[in-house]
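Let me begin by presenting the structure, written as structure tokens, before commenting on it.
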Amino acid sequence: MRDISKIETYADADEWCRDLIAATDALRPPGAHFHALYGSERNLLSALVCFLLDYFPSRDLSLDSILILLSMAESREGDPYFKSPLDLLFDQIEDGKRCTRKGDDSDWVWVPSYLKRRDGVRPGDCGGLSPAEDAALLRWYPLKFIPRADFSIIVSDLMCRVIDFMVEQSRVPPVPEDPPARVGMDKGKRALLTRFLGHREE
């Protein structure tokens with residue numbers, strides 16, 4: 001599969017996510033249980049990759065960044081209305097607003113989002129985007145309606161997958177670079193060089 005840093009299109013992102021899920025499936029022991037939220041797990045991964053692709057510098061499109069985003073998906077038992085930092089990031093796309101304080105002692109207020117997509121679109125300038133208008137939000141939107149307990153399972157399992165994949169990648173020896181092309185040397189210069197080095201020219 002291609003390196004995550006080589007993803008350029010949404011089709012690339014979806015293909016990479018399918019490949020990562022398949023690769024980490026293969027790492028599981030025979031007969032391992034696959035939960036019923038398998039498809040939603042792939043949706044979450046694809047939403048995160050598309051979010052990084054569209055709203056972050058290319059250097060941030062990495063497995064480390066995915067783990068950071070997953071760590072923002074906290075939940076609170078018994079509070080179905082709690083919004084995690086990850087929820088609020090995607091809300092900025094959908095609503096075009098972010099919550100902030102104007103001063104240390106002031107109340108929280110909603111202000112236009114600072115997010116800017118790679119094509120120049122700013123959700124804060126147009127009152128937010130619909131799932132049909134944003135690739136990351138399209139993949140995220142169905143996850144909003146999953147019970148928080150189930151969502152926590154998805155996040156936990158996906159985090160394990162990414163870590164497993166990183167560990168497995170670290171075991172693969174790097175692909176050797178092509179050796180540099182041999183530069184020709186005329187016989188006179190080669191003879192002088194071999195005499196200088198104390199070797200007999202063959």
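By convention in this document, the chains of the structure tokens carry letters A, B, ... by their order, each chain's residues are numbered from 1, and ligands are numbered from 1 in the order they are shown.
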
Just list the residues in segment 45-197 of chain A DSSP gives alpha helix (DSSP H) on the backbone, as a PDB file with C-alpha atoms, in the first residue's frame.
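Generated file (selection.pdb):
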ATOM      1  CA  LEU A  45     -10.443   6.525   9.674  1.00  0.00           C
ATOM      2  CA  SER A  46     -11.411   7.932   6.290  1.00  0.00           C
ATOM      3  CA  ALA A  47     -12.953  11.032   7.895  1.00  0.00           C
ATOM      4  CA  LEU A  48      -9.734  11.718   9.810  1.00  0.00           C
ATOM      5  CA  VAL A  49      -7.509  11.217   6.767  1.00  0.00           C
ATOM      6  CA  CYS A  50      -9.686  13.498   4.607  1.00  0.00           C
ATOM      7  CA  PHE A  51      -9.734  16.095   7.401  1.00  0.00           C
ATOM      8  CA  LEU A  52      -5.926  16.094   7.570  1.00  0.00           C
ATOM      9  CA  LEU A  53      -5.692  16.145   3.774  1.00  0.00           C
ATOM     10  CA  ASP A  54      -7.993  19.153   3.415  1.00  0.00           C
ATOM     11  CA  TYR A  55      -7.369  21.305   6.468  1.00  0.00           C
ATOM     12  CA  LEU A  63      -0.064   8.198  11.370  1.00  0.00           C
ATOM     13  CA  ASP A  64       1.017  10.272  14.374  1.00  0.00           C
ATOM     14  CA  SER A  65      -1.564  12.917  13.457  1.00  0.00           C
ATOM     15  CA  ILE A  66      -4.292  10.277  13.229  1.00  0.00           C
ATOM     16  CA  LEU A  67      -3.427   9.081  16.743  1.00  0.00           C
ATOM     17  CA  ILE A  68      -3.561  12.672  18.021  1.00  0.00           C
ATOM     18  CA  LEU A  69      -7.027  13.170  16.528  1.00  0.00           C
ATOM     19  CA  LEU A  70      -8.225   9.865  17.978  1.00  0.00           C
ATOM     20  CA  SER A  71      -6.956  10.917  21.405  1.00  0.00           C
ATOM     21  CA  PRO A  85     -12.633  18.164  21.051  1.00  0.00           C
ATOM     22  CA  LEU A  86     -12.867  15.926  17.964  1.00  0.00           C
ATOM     23  CA  ASP A  87     -16.633  16.519  17.727  1.00  0.00           C
ATOM     24  CA  LEU A  88     -16.015  20.251  17.928  1.00  0.00           C
ATOM     25  CA  LEU A  89     -13.476  20.118  15.098  1.00  0.00           C
ATOM     26  CA  PHE A  90     -16.014  18.596  12.738  1.00  0.00           C
ATOM     27  CA  ASP A  91     -18.690  20.970  14.055  1.00  0.00           C
ATOM     28  CA  GLN A  92     -16.499  23.800  12.785  1.00  0.00           C
ATOM     29  CA  ILE A  93     -16.897  22.413   9.279  1.00  0.00           C
ATOM     30  CA  GLU A  94     -20.645  21.853   9.614  1.00  0.00           C
ATOM     31  CA  ASP A  95     -21.593  25.024  11.505  1.00  0.00           C
ATOM     32  CA  ALA A 135     -15.418  15.065   1.932  1.00  0.00           C
ATOM     33  CA  ALA A 136     -14.329  14.803   5.568  1.00  0.00           C
ATOM     34  CA  LEU A 137     -17.760  15.776   6.878  1.00  0.00           C
ATOM     35  CA  LEU A 138     -19.467  13.317   4.521  1.00  0.00           C
ATOM     36  CA  ARG A 139     -17.523  10.455   6.111  1.00  0.00           C
ATOM     37  CA  TRP A 140     -17.939  11.807   9.633  1.00  0.00           C
ATOM     38  CA  ARG A 148     -21.362   7.145  22.532  1.00  0.00           C
ATOM     39  CA  ALA A 149     -20.537   3.757  24.063  1.00  0.00           C
ATOM     40  CA  ASP A 150     -20.294   2.246  20.579  1.00  0.00           C
ATOM     41  CA  PHE A 151     -18.286   5.202  19.333  1.00  0.00           C
ATOM     42  CA  SER A 152     -15.787   4.659  22.148  1.00  0.00           C
ATOM     43  CA  ILE A 153     -15.339   1.060  20.987  1.00  0.00           C
ATOM     44  CA  ILE A 154     -14.679   2.268  17.436  1.00  0.00           C
ATOM     45  CA  VAL A 155     -12.110   4.816  18.594  1.00  0.00           C
ATOM     46  CA  SER A 156     -10.325   2.342  20.862  1.00  0.00           C
ATOM     47  CA  ASP A 157     -10.178  -0.376  18.210  1.00  0.00           C
ATOM     48  CA  LEU A 158      -9.020   2.033  15.507  1.00  0.00           C
ATOM     49  CA  MET A 159      -6.292   3.378  17.760  1.00  0.00           C
ATOM     50  CA  CYS A 160      -5.064  -0.196  18.305  1.00  0.00           C
ATOM     51  CA  ARG A 161      -5.096  -0.792  14.558  1.00  0.00           C
ATOM     52  CA  VAL A 162      -3.003   2.296  13.820  1.00  0.00           C
ATOM     53  CA  ILE A 163      -0.480   1.387  16.518  1.00  0.00           C
ATOM     54  CA  ASP A 164      -0.308  -2.232  15.260  1.00  0.00           C
ATOM     55  CA  PHE A 165       0.279  -0.929  11.755  1.00  0.00           C
ATOM     56  CA  MET A 166       3.034   1.432  12.923  1.00  0.00           C
ATOM     57  CA  VAL A 167       4.761  -1.392  14.796  1.00  0.00           C
ATOM     58  CA  GLU A 168       4.528  -3.702  11.792  1.00  0.00           C
ATOM     59  CA  GLN A 169       5.881  -0.993   9.474  1.00  0.00           C
ATOM     60  CA  SER A 170       8.859  -0.490  11.774  1.00  0.00           C
ATOM     61  CA  ARG A 171       9.786  -4.165  11.285  1.00  0.00           C
ATOM     62  CA  LYS A 187      42.411   4.642 -18.380  1.00  0.00           C
ATOM     63  CA  GLY A 188      45.103   7.268 -17.727  1.00  0.00           C
ATOM     64  CA  LYS A 189      43.304   8.801 -14.762  1.00  0.00           C
ATOM     65  CA  ARG A 190      42.384   5.369 -13.399  1.00  0.00           C
ATOM     66  CA  ALA A 191      46.014   4.180 -13.617  1.00  0.00           C
ATOM     67  CA  LEU A 192      47.207   7.292 -11.786  1.00  0.00           C
ATOM     68  CA  LEU A 193      44.568   6.798  -9.098  1.00  0.00           C
ATOM     69  CA  THR A 194      45.414   3.130  -8.550  1.00  0.00           C
ATOM     70  CA  ARG A 195      49.137   3.893  -8.276  1.00  0.00           C
ATOM     71  CA  PHE A 196      48.341   6.644  -5.766  1.00  0.00           C
ATOM     72  CA  LEU A 197      46.300   4.208  -3.669  1.00  0.00           C
TER      73      LEU A 197
END

Notebook entry, point to check: Could you state the separation of atom CA of Leu129 of chain A and atom CA of Gly96 of chain A in Å, given to one decimal place?
Noted result: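 Taking atom CA of Leu129 of chain A as the start and atom CA of Gly96 of chain A as the end point, the length is 7.3 Å.
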
Next item on the list: Tell me which of A:Pro142, A:Asp134, A:Gly128, A:Phe82 sits closest to Tyr10 of chain A, counting only C-alpha atoms.
Entry: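 Result for the nearest residue to Tyr10 of chain A: A:Asp134.
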
Note to self: Rounded to one decimal, what separation in Å do you get between atom CA of Ile21 of chain A and atom CA of Ala132 of chain A?
What the structure shows: 25.0 Å

Note to self: Using only C-alpha atoms, can you tell me which of A:Tyr114, A:Leu27, A:Lys144, A:Asp19 comes closest to Tyr81 of chain A?
What the structure shows: A:Lys144

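We find atom CA of Leu44 of chain A and atom CA of Pro112 of chain A to be spaced 25.1 Å apart.
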
Residues near Val109 of chain A, cut-off 12 Å, only C-alpha atoms, skip fewer than 5 positions along chain, as a PDB file with C-alpha atoms, in the first residue's frame:
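Final output, part_31.pdb:
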ATOM      1  CA  LYS A  97     -18.250  28.335  14.165  1.00  0.00           C
ATOM      2  CA  ARG A  98     -15.852  27.652  17.008  1.00  0.00           C
ATOM      3  CA  CYS A  99     -16.270  28.255  20.712  1.00  0.00           C
ATOM      4  CA  THR A 100     -13.763  30.527  22.389  1.00  0.00           C
ATOM      5  CA  ARG A 101     -13.265  33.123  25.089  1.00  0.00           C
ATOM      6  CA  LYS A 102     -12.563  36.753  24.300  1.00  0.00           C
ATOM      7  CA  GLY A 103     -10.727  37.229  27.567  1.00  0.00           C
TER       8      GLY A 103
END
